[in-house]
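Reproduced below: structure_14.csv, with CSV, C-alpha atoms.
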chain,number,residue,atom,x,y,z
A,18,LEU,CA,-17.7,16.3,-9.6
A,19,PRO,CA,-16.5,17.5,-6.1
A,20,GLU,CA,-18.5,20.5,-5.0
A,21,ILE,CA,-15.6,22.0,-3.0
A,22,SER,CA,-12.0,21.6,-4.1
A,23,ASP,CA,-10.3,24.6,-2.4
A,24,PRO,CA,-8.3,23.1,0.5
A,25,HIS,CA,-9.0,26.0,2.9
A,26,GLU,CA,-12.7,26.0,2.1
A,27,ILE,CA,-12.8,22.2,2.8
A,28,GLU,CA,-11.1,22.7,6.1
A,29,ASN,CA,-13.3,25.6,7.1
A,30,LYS,CA,-16.5,23.8,6.2
A,31,SER,CA,-15.3,20.6,8.1
A,32,PHE,CA,-14.6,22.6,11.3
A,33,GLU,CA,-18.0,24.3,11.0
A,34,ILE,CA,-19.7,20.9,10.8
A,35,ILE,CA,-17.6,19.6,13.7
A,36,GLU,CA,-18.4,22.7,15.8
A,37,GLY,CA,-22.1,21.9,15.3
A,38,LEU,CA,-21.7,18.2,16.2
A,39,LEU,CA,-19.9,19.0,19.4
A,40,ALA,CA,-22.3,21.8,20.4
A,41,GLY,CA,-23.5,21.4,24.0
A,42,MET,CA,-20.4,19.3,25.0
A,43,ASP,CA,-18.3,20.6,27.9
A,44,LEU,CA,-15.3,21.6,25.7
A,45,PHE,CA,-13.4,24.8,25.9
A,46,GLY,CA,-10.3,26.6,24.7
A,47,PRO,CA,-7.1,24.8,23.7
A,48,GLN,CA,-8.5,21.4,24.8
A,49,LYS,CA,-11.5,21.9,22.5
A,50,ALA,CA,-9.0,22.7,19.6
A,51,VAL,CA,-7.3,19.4,20.2
A,52,VAL,CA,-10.5,17.4,20.3
A,53,MET,CA,-11.8,19.1,17.2
A,54,ARG,CA,-8.7,18.1,15.3
A,55,VAL,CA,-9.0,14.5,16.4
A,56,VAL,CA,-12.7,14.4,15.3
A,57,HIS,CA,-11.6,16.1,12.0
A,58,ALA,CA,-9.0,13.4,11.4
A,59,THR,CA,-11.2,10.4,12.3
A,60,ALA,CA,-14.7,11.6,11.4
A,61,ASP,CA,-15.6,9.9,14.6
A,62,THR,CA,-17.4,12.0,17.3
A,63,ASP,CA,-16.9,9.2,19.9
A,64,PHE,CA,-13.5,10.7,20.5
A,65,ALA,CA,-15.1,13.9,21.9
A,66,SER,CA,-16.3,12.2,25.0
A,67,ALA,CA,-13.4,9.6,25.1
A,68,MET,CA,-10.5,12.0,25.3
A,69,VAL,CA,-8.9,12.8,28.7
A,70,PHE,CA,-6.4,15.5,29.4
A,71,SER,CA,-4.3,15.6,32.6
A,72,GLU,CA,-4.1,19.0,34.2
A,73,GLY,CA,-1.8,21.3,32.3
A,74,SER,CA,-1.1,18.7,29.6
A,75,VAL,CA,-2.0,21.0,26.6
A,76,GLU,CA,0.1,23.8,28.0
A,77,ALA,CA,3.0,21.3,28.6
A,78,GLY,CA,2.8,20.2,25.0
A,79,ILE,CA,2.7,23.8,23.7
A,80,SER,CA,5.7,24.8,25.8
A,81,ALA,CA,7.7,21.8,24.7
A,82,ILE,CA,7.1,22.5,21.1
A,83,ARG,CA,8.0,26.2,21.5
A,84,ALA,CA,11.2,25.1,23.2
A,85,GLY,CA,12.1,23.0,20.1
A,86,CYS,CA,11.4,19.5,21.6
A,87,LYS,CA,11.8,16.2,19.8
A,88,VAL,CA,8.8,13.9,19.3
A,89,ILE,CA,9.3,10.2,19.8
A,90,THR,CA,6.7,7.9,18.2
A,91,ASP,CA,6.0,4.2,18.4
A,92,VAL,CA,5.2,3.7,14.7
A,93,ASN,CA,6.3,5.2,11.3
A,94,MET,CA,2.7,6.1,10.3
A,95,LEU,CA,2.5,8.4,13.3
A,96,LYS,CA,5.9,9.9,12.4
A,97,ALA,CA,4.7,10.5,8.9
A,98,GLY,CA,1.6,12.2,10.2
A,99,ILE,CA,3.6,14.8,12.1
A,100,SER,CA,4.9,16.1,8.8
A,101,SER,CA,6.1,19.6,9.7
A,102,LEU,CA,8.3,18.4,12.6
A,103,ASP,CA,9.3,15.3,10.7
A,104,ARG,CA,10.7,17.4,7.8
A,105,ALA,CA,12.6,19.4,10.4
A,106,GLY,CA,14.2,16.2,11.7
A,107,ARG,CA,12.5,16.5,15.0
A,108,VAL,CA,10.6,13.1,15.0
A,109,SER,CA,12.3,9.8,16.0
A,110,CYS,CA,10.9,6.3,15.5
A,111,ARG,CA,13.1,3.2,15.8
A,112,ILE,CA,10.5,0.5,15.2
A,113,SER,CA,12.2,-0.4,11.8
A,114,ASP,CA,15.7,-0.3,13.2
A,115,PRO,CA,17.5,-3.7,12.8
A,116,VAL,CA,18.9,-3.4,16.3
A,117,THR,CA,15.3,-3.0,17.6
A,118,ALA,CA,14.2,-6.2,15.8
A,119,ALA,CA,17.1,-8.2,17.2
A,120,LEU,CA,16.6,-7.0,20.8
A,121,ALA,CA,12.8,-7.5,20.6
A,122,LYS,CA,13.2,-11.1,19.4
A,123,GLU,CA,15.7,-11.8,22.2
A,124,SER,CA,13.5,-10.4,24.9
A,125,LYS,CA,10.2,-11.8,23.4
A,126,THR,CA,8.5,-8.4,23.4
A,127,THR,CA,7.3,-6.1,20.7
A,128,ARG,CA,9.5,-4.0,18.5
A,129,ALA,CA,7.5,-1.0,19.5
A,130,ALA,CA,8.2,-1.5,23.2
A,131,THR,CA,11.9,-2.2,22.5
A,132,ALA,CA,12.1,1.0,20.4
A,133,MET,CA,10.8,3.0,23.4
A,134,ARG,CA,13.5,1.5,25.6
A,135,LEU,CA,16.2,2.3,23.1
A,136,LEU,CA,15.0,6.0,22.9
A,137,ALA,CA,14.7,6.5,26.7
A,138,GLY,CA,17.9,8.7,26.7
A,139,ASP,CA,16.1,11.1,24.3
A,140,MET,CA,12.9,11.4,26.2
A,141,LYS,CA,13.8,14.2,28.6
A,142,GLY,CA,11.6,17.2,27.6
A,143,ALA,CA,10.3,15.4,24.6
A,144,ILE,CA,6.7,14.5,23.5
A,145,VAL,CA,6.4,10.8,23.5
A,146,ALA,CA,3.5,9.7,21.3
A,147,VAL,CA,2.2,6.1,21.3
A,148,SER,CA,-0.7,5.5,18.9
A,149,ASN,CA,-0.6,1.8,18.2
A,150,ALA,CA,1.2,-0.5,20.6
A,151,PRO,CA,0.0,-0.9,24.2
A,152,THR,CA,3.3,-2.6,25.0
A,153,ALA,CA,5.1,0.6,24.0
A,154,LEU,CA,2.9,2.7,26.3
A,155,TYR,CA,3.5,0.3,29.2
A,156,GLU,CA,7.2,0.6,28.6
A,157,VAL,CA,7.1,4.4,28.6
A,158,MET,CA,5.2,4.3,31.9
A,159,ARG,CA,7.8,1.9,33.3
A,160,LEU,CA,10.6,4.2,32.2
A,161,VAL,CA,8.8,7.1,34.0
A,162,ARG,CA,8.1,5.2,37.2
A,163,GLU,CA,11.2,3.0,37.6
A,164,GLU,CA,13.9,4.9,35.8
A,165,GLY,CA,13.0,8.5,36.4
A,166,VAL,CA,12.6,9.3,32.7
A,167,ARG,CA,10.7,12.7,32.3
A,168,PRO,CA,9.1,13.5,28.9
A,169,ALA,CA,7.4,16.9,28.7
A,170,LEU,CA,4.2,15.1,27.7
A,171,ILE,CA,2.9,11.6,26.9
A,172,VAL,CA,0.3,11.3,24.1
A,173,GLY,CA,-1.0,7.7,24.6
A,174,VAL,CA,-3.7,6.6,22.2
A,175,PRO,CA,-3.0,3.0,21.3
A,176,VAL,CA,-5.7,1.2,19.4
A,177,GLY,CA,-6.9,-2.4,19.5
A,178,PHE,CA,-8.5,-5.3,21.3
A,179,VAL,CA,-5.7,-6.6,23.4
A,180,GLY,CA,-4.3,-4.2,26.0
A,181,ALA,CA,-5.1,-0.9,24.4
A,182,SER,CA,-7.9,0.1,26.7
A,183,GLU,CA,-6.1,-1.3,29.7
A,184,SER,CA,-2.9,0.6,28.9
A,185,LYS,CA,-4.8,3.8,28.7
A,186,GLU,CA,-6.6,3.2,32.0
A,187,GLU,CA,-3.2,2.7,33.5
A,188,LEU,CA,-2.0,6.0,32.0
A,189,LEU,CA,-4.9,7.8,33.7
A,190,GLY,CA,-3.3,7.1,37.0
A,191,LEU,CA,0.2,8.5,36.0
A,192,LEU,CA,1.1,11.4,38.3
A,193,GLU,CA,4.7,12.1,37.2
A,194,VAL,CA,4.2,13.3,33.6
A,195,PRO,CA,1.3,15.2,31.9
A,196,PHE,CA,-0.7,13.1,29.4
A,197,ILE,CA,-3.4,13.2,26.7
A,198,THR,CA,-5.3,10.0,26.1
A,199,CYS,CA,-8.6,8.5,25.1
A,200,ARG,CA,-10.6,5.8,26.9
A,201,GLY,CA,-11.6,2.6,25.1
A,202,ARG,CA,-10.4,0.5,22.3
A,203,LYS,CA,-10.2,3.1,19.6
A,204,GLY,CA,-7.2,5.3,18.9
A,205,GLY,CA,-4.4,5.0,16.3
A,206,SER,CA,-2.0,7.0,14.2
A,207,PRO,CA,-4.5,9.6,12.9
A,208,VAL,CA,-5.5,10.3,16.5
A,209,GLY,CA,-1.9,10.7,17.7
A,210,ALA,CA,-1.0,12.8,14.8
A,211,ALA,CA,-4.0,15.0,15.2
A,212,ILE,CA,-3.2,15.7,18.9
A,213,VAL,CA,0.4,16.6,18.2
A,214,ASN,CA,-0.5,18.7,15.1
A,215,ALA,CA,-3.1,20.5,17.1
A,216,LEU,CA,-0.4,21.3,19.7
A,217,ILE,CA,1.9,22.5,17.0
A,218,LYS,CA,-0.8,24.8,15.7
A,219,LEU,CA,-1.5,26.1,19.2
A,220,ALA,CA,2.2,26.7,19.7
A,221,GLY,CA,2.0,29.1,16.7
B,11,LEU,CA,2.2,-4.8,33.7
B,12,PRO,CA,1.0,-6.0,30.3
B,13,GLU,CA,-0.6,-9.4,30.5
B,14,ILE,CA,0.5,-10.3,27.0
B,15,SER,CA,3.7,-9.0,25.4
B,16,ASP,CA,4.5,-11.6,22.8
B,17,PRO,CA,3.6,-10.0,19.4
B,18,HIS,CA,2.3,-13.2,17.9
B,19,GLU,CA,0.2,-14.0,20.9
B,20,ILE,CA,-1.2,-10.4,20.8
B,21,GLU,CA,-2.2,-10.7,17.2
B,22,ASN,CA,-3.7,-14.2,17.6
B,23,LYS,CA,-5.7,-13.1,20.6
B,24,SER,CA,-6.9,-10.0,18.7
B,25,PHE,CA,-8.1,-12.0,15.7
B,26,GLU,CA,-9.9,-14.4,18.1
B,27,ILE,CA,-11.8,-11.5,19.6
B,28,ILE,CA,-12.6,-10.0,16.2
B,29,GLU,CA,-13.8,-13.4,15.0
B,30,GLY,CA,-16.3,-13.4,17.9
B,31,LEU,CA,-17.4,-9.8,17.2
B,32,LEU,CA,-18.1,-10.5,13.6
B,33,ALA,CA,-19.8,-13.9,14.1
B,34,GLY,CA,-23.2,-14.0,12.3
B,35,MET,CA,-22.2,-11.4,9.7
B,36,ASP,CA,-22.3,-12.4,6.1
B,37,LEU,CA,-18.5,-12.5,5.6
B,38,PHE,CA,-16.5,-15.2,3.9
B,39,GLY,CA,-13.1,-16.1,2.5
B,40,PRO,CA,-10.6,-13.5,1.4
B,41,GLN,CA,-13.1,-10.6,1.8
B,42,LYS,CA,-13.5,-11.6,5.4
B,43,ALA,CA,-9.7,-11.6,5.8
B,44,VAL,CA,-9.6,-8.0,4.5
B,45,VAL,CA,-12.5,-6.9,6.8
B,46,MET,CA,-10.9,-8.5,9.8
B,47,ARG,CA,-7.6,-6.7,9.2
B,48,VAL,CA,-9.5,-3.4,9.0
B,49,VAL,CA,-11.3,-4.0,12.2
B,50,HIS,CA,-8.0,-5.0,13.8
B,51,ALA,CA,-6.4,-1.7,12.7
B,52,THR,CA,-9.3,0.5,13.9
B,53,ALA,CA,-10.9,-1.4,16.7
B,54,ASP,CA,-14.1,-0.2,15.1
B,55,THR,CA,-16.6,-2.9,14.1
B,56,ASP,CA,-18.6,-0.4,12.1
B,57,PHE,CA,-16.3,-1.1,9.2
B,58,ALA,CA,-17.5,-4.7,9.0
B,59,SER,CA,-20.9,-3.5,7.6
B,60,ALA,CA,-19.6,-0.4,5.9
B,61,MET,CA,-17.1,-2.1,3.6
B,62,VAL,CA,-18.0,-2.7,0.0
B,63,PHE,CA,-16.0,-4.9,-2.5
B,64,SER,CA,-16.7,-4.8,-6.2
B,65,GLU,CA,-16.8,-8.2,-7.9
B,66,GLY,CA,-13.4,-9.6,-8.3
B,67,SER,CA,-11.7,-6.8,-6.4
B,68,VAL,CA,-9.8,-8.9,-3.9
B,69,GLU,CA,-8.6,-11.2,-6.6
B,70,ALA,CA,-7.5,-8.3,-8.8
B,71,GLY,CA,-5.5,-6.9,-5.9
B,72,ILE,CA,-3.9,-10.2,-5.1
B,73,SER,CA,-2.9,-10.7,-8.8
B,74,ALA,CA,-1.5,-7.2,-9.1
B,75,ILE,CA,0.7,-7.7,-6.0
B,76,ARG,CA,1.9,-11.1,-7.3
B,77,ALA,CA,2.8,-9.4,-10.6
B,78,GLY,CA,5.0,-6.9,-8.7
B,79,CYS,CA,2.7,-3.9,-9.0
B,80,LYS,CA,3.3,-0.5,-7.6
B,81,VAL,CA,1.1,1.1,-5.0
B,82,ILE,CA,0.2,4.8,-5.4
B,83,THR,CA,-1.1,6.6,-2.2
B,84,ASP,CA,-2.6,10.0,-1.6
B,85,VAL,CA,-0.8,10.6,1.7
B,86,ASN,CA,2.5,9.7,3.3
B,87,MET,CA,0.9,8.1,6.4
B,88,LEU,CA,-0.7,5.5,4.1
B,89,LYS,CA,2.6,5.0,2.3
B,90,ALA,CA,4.3,4.5,5.7
B,91,GLY,CA,1.6,2.0,6.7
B,92,ILE,CA,2.3,-0.3,3.7
B,93,SER,CA,5.8,-0.9,5.1
B,94,SER,CA,6.8,-4.1,3.3
B,95,LEU,CA,6.2,-2.7,-0.2
B,96,ASP,CA,7.5,0.7,0.9
B,97,ARG,CA,10.8,-0.7,1.9
B,98,ALA,CA,11.0,-2.4,-1.5
B,99,GLY,CA,10.5,0.9,-3.2
B,100,ARG,CA,7.1,-0.1,-4.6
B,101,VAL,CA,5.0,2.7,-3.0
B,102,SER,CA,4.8,6.2,-4.5
B,103,CYS,CA,3.3,9.4,-2.9
B,104,ARG,CA,3.9,12.8,-4.3
B,105,ILE,CA,1.9,15.0,-1.9
B,106,SER,CA,5.1,16.5,-0.4
B,107,ASP,CA,6.7,17.1,-3.8
B,108,PRO,CA,7.4,20.9,-4.4
B,109,VAL,CA,6.1,20.5,-8.0
B,110,THR,CA,2.8,19.2,-6.6
B,111,ALA,CA,2.5,22.1,-4.2
B,112,ALA,CA,3.1,24.7,-6.9
B,113,LEU,CA,0.7,23.1,-9.4
B,114,ALA,CA,-2.0,22.7,-6.7
B,115,LYS,CA,-1.8,26.4,-5.8
B,116,GLU,CA,-2.0,27.4,-9.4
B,117,SER,CA,-5.1,25.3,-10.1
B,118,LYS,CA,-6.7,26.0,-6.7
B,119,THR,CA,-7.1,22.3,-5.8
B,120,THR,CA,-5.6,20.1,-3.2
B,121,ARG,CA,-2.1,18.7,-3.2
B,122,ALA,CA,-3.5,15.2,-2.9
B,123,ALA,CA,-5.6,15.6,-6.1
B,124,THR,CA,-2.7,17.2,-8.0
B,125,ALA,CA,-0.4,14.3,-6.9
B,126,MET,CA,-2.8,11.8,-8.4
B,127,ARG,CA,-2.7,13.7,-11.7
B,128,LEU,CA,1.1,13.7,-11.7
B,129,LEU,CA,1.2,10.0,-11.1
B,130,ALA,CA,-1.4,9.1,-13.8
B,131,GLY,CA,1.3,7.7,-16.1
B,132,ASP,CA,2.2,5.1,-13.4
B,133,MET,CA,-1.3,3.9,-12.6
B,134,LYS,CA,-1.6,1.2,-15.3
B,135,GLY,CA,-1.7,-2.1,-13.4
B,136,ALA,CA,-1.1,-0.4,-10.0
B,137,ILE,CA,-3.1,-0.3,-6.9
B,138,VAL,CA,-4.2,3.2,-6.3
B,139,ALA,CA,-5.0,3.8,-2.6
B,140,VAL,CA,-6.7,6.9,-1.4
B,141,SER,CA,-7.3,7.1,2.4
B,142,ASN,CA,-7.7,10.8,3.1
B,143,ALA,CA,-8.6,13.3,0.4
B,144,PRO,CA,-11.9,13.0,-1.4
B,145,THR,CA,-10.5,15.3,-4.1
B,146,ALA,CA,-7.8,12.7,-4.8
B,147,LEU,CA,-10.5,10.0,-5.2
B,148,TYR,CA,-12.5,12.2,-7.6
B,149,GLU,CA,-9.4,12.9,-9.6
B,150,VAL,CA,-8.6,9.1,-9.9
B,151,MET,CA,-12.2,8.5,-11.1
B,152,ARG,CA,-11.9,11.3,-13.6
B,153,LEU,CA,-8.6,9.8,-14.9
B,154,VAL,CA,-10.3,6.4,-15.3
B,155,ARG,CA,-13.4,7.8,-17.1
B,156,GLU,CA,-12.0,10.6,-19.1
B,157,GLU,CA,-8.4,9.6,-19.8
B,158,GLY,CA,-8.7,5.8,-19.9
B,159,VAL,CA,-6.3,5.2,-17.0
B,160,ARG,CA,-6.6,1.6,-15.8
B,161,PRO,CA,-5.3,0.8,-12.4
B,162,ALA,CA,-5.6,-2.9,-11.3
B,163,LEU,CA,-7.5,-1.8,-8.2
B,164,ILE,CA,-8.7,1.3,-6.5
B,165,VAL,CA,-8.8,1.3,-2.7
B,166,GLY,CA,-10.9,4.3,-1.9
B,167,VAL,CA,-11.4,5.0,1.8
B,168,PRO,CA,-11.2,8.8,2.4
B,169,VAL,CA,-12.3,10.1,5.8
B,170,GLY,CA,-14.0,13.3,6.8
B,171,PHE,CA,-17.1,15.5,6.8
B,172,VAL,CA,-16.8,17.2,3.4
B,173,GLY,CA,-16.9,15.0,0.4
B,174,ALA,CA,-15.6,11.8,1.8
B,175,SER,CA,-18.9,10.0,1.9
B,176,GLU,CA,-20.0,11.4,-1.4
B,177,SER,CA,-16.8,10.5,-3.2
B,178,LYS,CA,-17.2,6.9,-2.0
B,179,GLU,CA,-20.8,6.7,-3.1
B,180,GLU,CA,-19.5,7.9,-6.5
B,181,LEU,CA,-16.9,5.1,-6.5
B,182,LEU,CA,-19.7,2.5,-5.9
B,183,GLY,CA,-20.9,3.3,-9.5
B,184,LEU,CA,-17.5,2.9,-11.2
B,185,LEU,CA,-17.6,0.1,-13.7
B,186,GLU,CA,-14.2,0.3,-15.4
B,187,VAL,CA,-11.9,-0.7,-12.5
B,188,PRO,CA,-12.4,-3.0,-9.5
B,189,PHE,CA,-12.6,-1.2,-6.1
B,190,ILE,CA,-12.7,-1.7,-2.4
B,191,THR,CA,-14.3,1.0,-0.3
B,192,CYS,CA,-16.4,1.7,2.8
B,193,ARG,CA,-19.6,3.7,3.1
B,194,GLY,CA,-19.9,6.8,5.3
B,195,ARG,CA,-17.6,9.4,6.8
B,196,LYS,CA,-15.1,7.1,8.4
B,197,GLY,CA,-12.0,5.8,6.7
B,198,GLY,CA,-8.4,7.0,6.9
B,199,SER,CA,-4.8,5.7,6.5
B,200,PRO,CA,-5.1,2.8,8.9
B,201,VAL,CA,-8.1,1.5,6.9
B,202,GLY,CA,-6.3,1.9,3.6
B,203,ALA,CA,-3.1,0.3,4.9
B,204,ALA,CA,-5.0,-2.6,6.5
B,205,ILE,CA,-6.7,-3.3,3.1
B,206,VAL,CA,-3.5,-3.3,1.1
B,207,ASN,CA,-1.6,-5.2,3.8
B,208,ALA,CA,-4.4,-7.9,3.9
B,209,LEU,CA,-4.0,-8.2,0.1
B,210,ILE,CA,-0.3,-8.6,0.5
B,211,LYS,CA,-0.8,-11.3,3.0
B,212,LEU,CA,-3.3,-13.1,0.8
B,213,ALA,CA,-0.9,-12.9,-2.1
B,214,GLY,CA,1.5,-14.9,0.0
As a first step, turn the structure in this file into structure tokens.
Amino acid sequence: LPEISDPHEIENKSFEIIEGLLAGMDLFGPQKAVVMRVVHATADTDFASAMVFSEGSVEAGISAIRAGCKVITDVNMLKAGISSLDRAGRVSCRISDPVTAALAKESKTTRAATAMRLLAGDMKGAIVAVSNAPTALYEVMRLVREEGVRPALIVGVPVGFVGASESKEELLGLLEVPFITCRGRKGGSPVGAAIVNALIKLAG
Amino acid sequence: LPEISDPHEIENKSFEIIEGLLAGMDLFGPQKAVVMRVVHATADTDFASAMVFSEGSVEAGISAIRAGCKVITDVNMLKAGISSLDRAGRVSCRISDPVTAALAKESKTTRAATAMRLLAGDMKGAIVAVSNAPTALYEVMRLVREEGVRPALIVGVPVGFVGASESKEELLGLLEVPFITCRGRKGGSPVGAAIVNALIKLAG
């Protein structure tokens, strides 16, 4: 049945195909490695032109990982996708926490945004990765601008029809913290996981 | 900052937009509900025309869930995405199991395919959902055809450049077990989770 079943061969063949699909695009070095992993995870070449990296963002992510940083995620799917750091206890997500649910209901906002507020004290030097909830990304930007919170890097790739694109356009104007994002409605946990996993690989 | 932060309002607004985007397509009833949830999860309307349902597949999934079935997944991201059943202990994934890793190495295949083989005894009446590894989907089809394994439903939506599309074309020819799939390279854990979560919702 399957022509190729060796996992290394599958990955090598995939990256060879992706290399061909992205030929001629203006992509280099570690940014290209991140983009290739996102295209690999989604099989969607649209991401190659949609992704935006603030200056020094890849380097900031690599340094943070080497320094043993935590990763904070908005949803459990993204946490599960960063499996090497998750197994090491370095990934936090509080969306399923009963405290989060109660507070979210009280303040009539999403559990994802509330979870970000609850983890603000852990964000210094961390990678904050938001793959699903625009409200969570808006809350992270508010924490940065109004409360002086300073993650090492924001990976902001929420997906959807209401607020996702707008929240990412807002992120493009953030000056205080390096970020990696993608324009448009598309995004999601495989995109967020691919970005963080590419940084982990680059960090060696 | 965000114009809408009430989670119910966000979801209602999203489904209103999706309803508009899919207007004029040949979609009805419970199949339409499943397609809409996939488009909601991915913000990618391509899935509306790519999805394929075998006859009675949605009904088979709903009945299985009502009967208290287990769900077997190829990857942990998909398991995490089926949160209501996962919290109830009804979702199994063995990709991270040390036994799986050892056996996969021995037989030079993927951990995802090996995990399917190890869970074959639990597949009767279950929903088997494969969102990432074509090798896992091929192994499920082999179990069905050669070993008489009979899940209630196969959700087969692997993503990628090597084997994903081919494995799903193969699934389109499966007669023994109902299936839900999508043509082409795209797929992934948000797609698999959206399909199963839509079935859970339809099961009430």
Per residue of chain B within 8 Å of chain A, record the nearest atom pair and its distance in Å to one decimal, counting only C-alpha atoms, with rows in chain order and ascending residue number, as a tab-separated table.
residue	atom	partner	partner_atom	distance
B:Leu11	CA	A:Tyr155	CA	6.9
B:Pro12	CA	A:Thr152	CA	6.7
B:Glu13	CA	A:Gly180	CA	7.8
B:Ile14	CA	A:Gly180	CA	7.8
B:Ser15	CA	A:Thr126	CA	5.2
B:Asp16	CA	A:Thr126	CA	5.2
B:Pro17	CA	A:Thr127	CA	5.5
B:Ile20	CA	A:Val179	CA	6.4
B:Lys23	CA	A:Val179	CA	7.1
B:Ser24	CA	A:Phe178	CA	5.6
B:Ile27	CA	A:Phe178	CA	7.2
B:His50	CA	A:Gly177	CA	6.4
B:Ala51	CA	A:Gly177	CA	6.9
B:Thr52	CA	A:Lys203	CA	6.3
B:Ala53	CA	A:Gly177	CA	5.0
B:Asp54	CA	A:Lys203	CA	6.8
B:Asn86	CA	A:Ala97	CA	6.1
B:Met87	CA	A:Met94	CA	4.7
B:Leu88	CA	A:Met94	CA	7.1
B:Ala90	CA	A:Met94	CA	5.1
B:Gly91	CA	A:Met94	CA	5.6
B:Lys118	CA	A:Asp23	CA	5.8
B:Thr119	CA	A:Asp23	CA	5.2
B:Thr120	CA	A:Pro24	CA	5.5
B:Pro144	CA	A:Pro19	CA	8.0
B:Thr145	CA	A:Ser22	CA	6.5
B:Tyr148	CA	A:Pro19	CA	6.8
B:Val169	CA	A:Ala60	CA	6.3
B:Gly170	CA	A:Ala60	CA	5.0
B:Phe171	CA	A:Ser31	CA	5.6
B:Val172	CA	A:Ser31	CA	6.0
B:Gly173	CA	A:Pro19	CA	7.0
B:Ser177	CA	A:Pro19	CA	7.6
B:Arg195	CA	A:Ala60	CA	5.9
B:Lys196	CA	A:Ala60	CA	5.4
B:Gly197	CA	A:Thr59	CA	7.3
B:Gly198	CA	A:Thr59	CA	7.0
B:Ser199	CA	A:Pro207	CA	7.5
B:Pro200	CA	A:Ser206	CA	7.4
Handout entry: Separation of CA of Val213 (chain A) from CA of Ser71 (chain A) in Å
Key = 15.2 Å
Practice task
For CA of Ala84 (chain A) and CA of Pro47 (chain A), determine how far apart the two atoms are, in Å to one decimal place.
Solution key: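 Straight-line distance from CA of Ala84 (chain A) to CA of Pro47 (chain A) works out to 18.3 Å.
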Handout entry: Residue contacts of Ser102 (chain B) (7 Å, all atoms listed in the file) excluding same-chain residues fewer than 4 positions away, as a list in words
Key =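 Returned residues: Val81, Ile82 and Thr83 of chain B.
Atom pair CA of Glu186 (chain A) / CA of Val157 (chain A): separated by 14.2 Å.
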Exercise for the section: For the point (-7.0, -1.0, 1.4) in the file's frame, write as number ranges by chain all residues with an atom no more than 8 Å away, counting all atoms listed in the file. Expected result: B: 139, 165-167, 190-191, 201-209
Contact residues around Arg76 (chain B) with only C-alpha atoms at 12 Å, ignoring same-chain residues under 3 positions, as an mmCIF file with C-alpha atoms, in the coordinates of the input:
data_model
loop_
_atom_site.group_PDB
_atom_site.id
_atom_site.type_symbol
_atom_site.label_atom_id
_atom_site.label_comp_id
_atom_site.auth_asym_id
_atom_site.auth_seq_id
_atom_site.Cartn_x
_atom_site.Cartn_y
_atom_site.Cartn_z
ATOM 1 C CA GLU B 69 -8.600 -11.200 -6.600
ATOM 2 C CA ALA B 70 -7.500 -8.300 -8.800
ATOM 3 C CA GLY B 71 -5.500 -6.900 -5.900
ATOM 4 C CA ILE B 72 -3.900 -10.200 -5.100
ATOM 5 C CA SER B 73 -2.900 -10.700 -8.800
ATOM 6 C CA CYS B 79 2.700 -3.900 -9.000
ATOM 7 C CA LYS B 80 3.300 -0.500 -7.600
ATOM 8 C CA LEU B 95 6.200 -2.700 -0.200
ATOM 9 C CA GLY B 135 -1.700 -2.100 -13.400
ATOM 10 C CA ALA B 136 -1.100 -0.400 -10.000
ATOM 11 C CA ILE B 137 -3.100 -0.300 -6.900
ATOM 12 C CA ALA B 162 -5.600 -2.900 -11.300
ATOM 13 C CA LEU B 209 -4.000 -8.200 0.100
ATOM 14 C CA ILE B 210 -0.300 -8.600 0.500
ATOM 15 C CA LYS B 211 -0.800 -11.300 3.000
ATOM 16 C CA LEU B 212 -3.300 -13.100 0.800
ATOM 17 C CA ALA B 213 -0.900 -12.900 -2.100
ATOM 18 C CA GLY B 214 1.500 -14.900 0.000
#
Exercise for the section: May I have the residues at most 12 Å from (-13.1, 24.7, 21.7) in the file's coordinates, counting only C-alpha atoms, as a list in words? Expected result: Phe32, Glu33, Ile35, Glu36, Gly37, Leu39, Ala40, Gly41, Met42, Asp43, Leu44, Phe45, Gly46, Pro47, Gln48, Lys49, Ala50, Val51, Val52, Met53, Arg54, Ala65, Ala215 and Leu219 of chain A
Would you mind exporting C-alpha atoms of the selected residues as an mmCIF file, in the frame of the given file?
data_model
loop_
_atom_site.group_PDB
_atom_site.id
_atom_site.type_symbol
_atom_site.label_atom_id
_atom_site.label_comp_id
_atom_site.auth_asym_id
_atom_site.auth_seq_id
_atom_site.Cartn_x
_atom_site.Cartn_y
_atom_site.Cartn_z
ATOM 1 C CA PHE A 32 -14.600 22.600 11.300
ATOM 2 C CA GLU A 33 -18.000 24.300 11.000
ATOM 3 C CA ILE A 35 -17.600 19.600 13.700
ATOM 4 C CA GLU A 36 -18.400 22.700 15.800
ATOM 5 C CA GLY A 37 -22.100 21.900 15.300
ATOM 6 C CA LEU A 39 -19.900 19.000 19.400
ATOM 7 C CA ALA A 40 -22.300 21.800 20.400
ATOM 8 C CA GLY A 41 -23.500 21.400 24.000
ATOM 9 C CA MET A 42 -20.400 19.300 25.000
ATOM 10 C CA ASP A 43 -18.300 20.600 27.900
ATOM 11 C CA LEU A 44 -15.300 21.600 25.700
ATOM 12 C CA PHE A 45 -13.400 24.800 25.900
ATOM 13 C CA GLY A 46 -10.300 26.600 24.700
ATOM 14 C CA PRO A 47 -7.100 24.800 23.700
ATOM 15 C CA GLN A 48 -8.500 21.400 24.800
ATOM 16 C CA LYS A 49 -11.500 21.900 22.500
ATOM 17 C CA ALA A 50 -9.000 22.700 19.600
ATOM 18 C CA VAL A 51 -7.300 19.400 20.200
ATOM 19 C CA VAL A 52 -10.500 17.400 20.300
ATOM 20 C CA MET A 53 -11.800 19.100 17.200
ATOM 21 C CA ARG A 54 -8.700 18.100 15.300
ATOM 22 C CA ALA A 65 -15.100 13.900 21.900
ATOM 23 C CA ALA A 215 -3.100 20.500 17.100
ATOM 24 C CA LEU A 219 -1.500 26.100 19.200
#
